Amino acid sequence: MPTTDLMIQALVAMRNDPQGVGPQHFWQLVERFRADLVNQAYALLGRQDEAEDVAQESLCQAFQDLAQLRDPQALGAWLREINRRNAIRLAKKRREQARHEERLPTGANPAIRPERTPADLEREKLARAIDALPDEYRTVVLFRFWEHRSYEEISQILGVPAGTVK
C-alpha cells in the first residue's frame, strides 16, 4: 500500500530527526491502523469502549516509543503487538477487579449495568472464552481467526513449528 510506505518513510525520518517531520504523520498512522487495533482489542476484551481506549493508548505508546521500532516495514505487526499487550493487561486488570468485587459483602452496592443485546452477550461470552485461554493459545487464536493468518505465517511470527501452531 503506497500510503503505508510513505507513512513508514515519514516515521523513519521522524525517528532520525524528530524536529524535521510534523505531527500530520502521526494522524496518518492513526487513520491507517486505528480500526484494526480497535477490532483486535475488541476480540480480546468484548467491549467497544475499552477496545477504543486500548487502541488509543497503543497508538500514543507507539508514537512515544518510535525509536524502538527496529524494522519500519514491520510497523503494523509492531503496533498490533503493542495493542495486544495493552489489551491483555486491561483484561487482567478487569479480572482482578471482578475477583475483588466477588469478595465484597453481599450488602455492597453492585455496579449498575446498561442493557445489553443478545449479540452483546454472545460477543462478551466469546471474549471471555478467548480471554480465559493461556497467552500463547490466545495469540494463536487471534492470529488465525481474527487476522486470518496461515499456520505457516503464525509459526514464523511466533518462532515455533507449524505443527505446534496447529
# chains A, B, ... in the order shown; residues from 1 in each chain; ligands from 1

call {"tool": "closest_atom_pairs", "arguments": {"of": "stretch 38-85 of chain A", "to": "stretch 129-137 of chain A", "cutoff": "9 Å", "atoms": "only C-alpha atoms", "output": "CSV"}}
result
residue,atom,partner,partner_atom,distance
A:Ala43,CA,A:Ile130,CA,8.0
A:Leu44,CA,A:Asp131,CA,6.1
A:Leu45,CA,A:Asp131,CA,7.4

call {"tool": "atom_distance", "arguments": {"atom1": "atom CA of A:Val54", "atom2": "atom CA of A:Ala41"}}
result
6.7 Å

call {"tool": "atom_distance", "arguments": {"atom1": "atom CA of A:Arg80", "atom2": "atom CA of A:Lys92"}}
result
18.1 Å

call {"tool": "atom_distance", "arguments": {"atom1": "atom CA of A:Glu31", "atom2": "atom CA of A:Trp78"}}
result
16.2 Å

call {"tool": "closest_residue", "arguments": {"among": "A:Ala119, A:Val165, A:Leu79, A:Ile88", "to": "A:Ala51", "atoms": "only C-alpha atoms"}}
result
A:Ile88

call {"tool": "closest_residue", "arguments": {"among": "A:Gln48, A:Asn86, A:Phe143, A:Cys60", "to": "A:Glu124", "atoms": "only C-alpha atoms"}}
result
A:Gln48
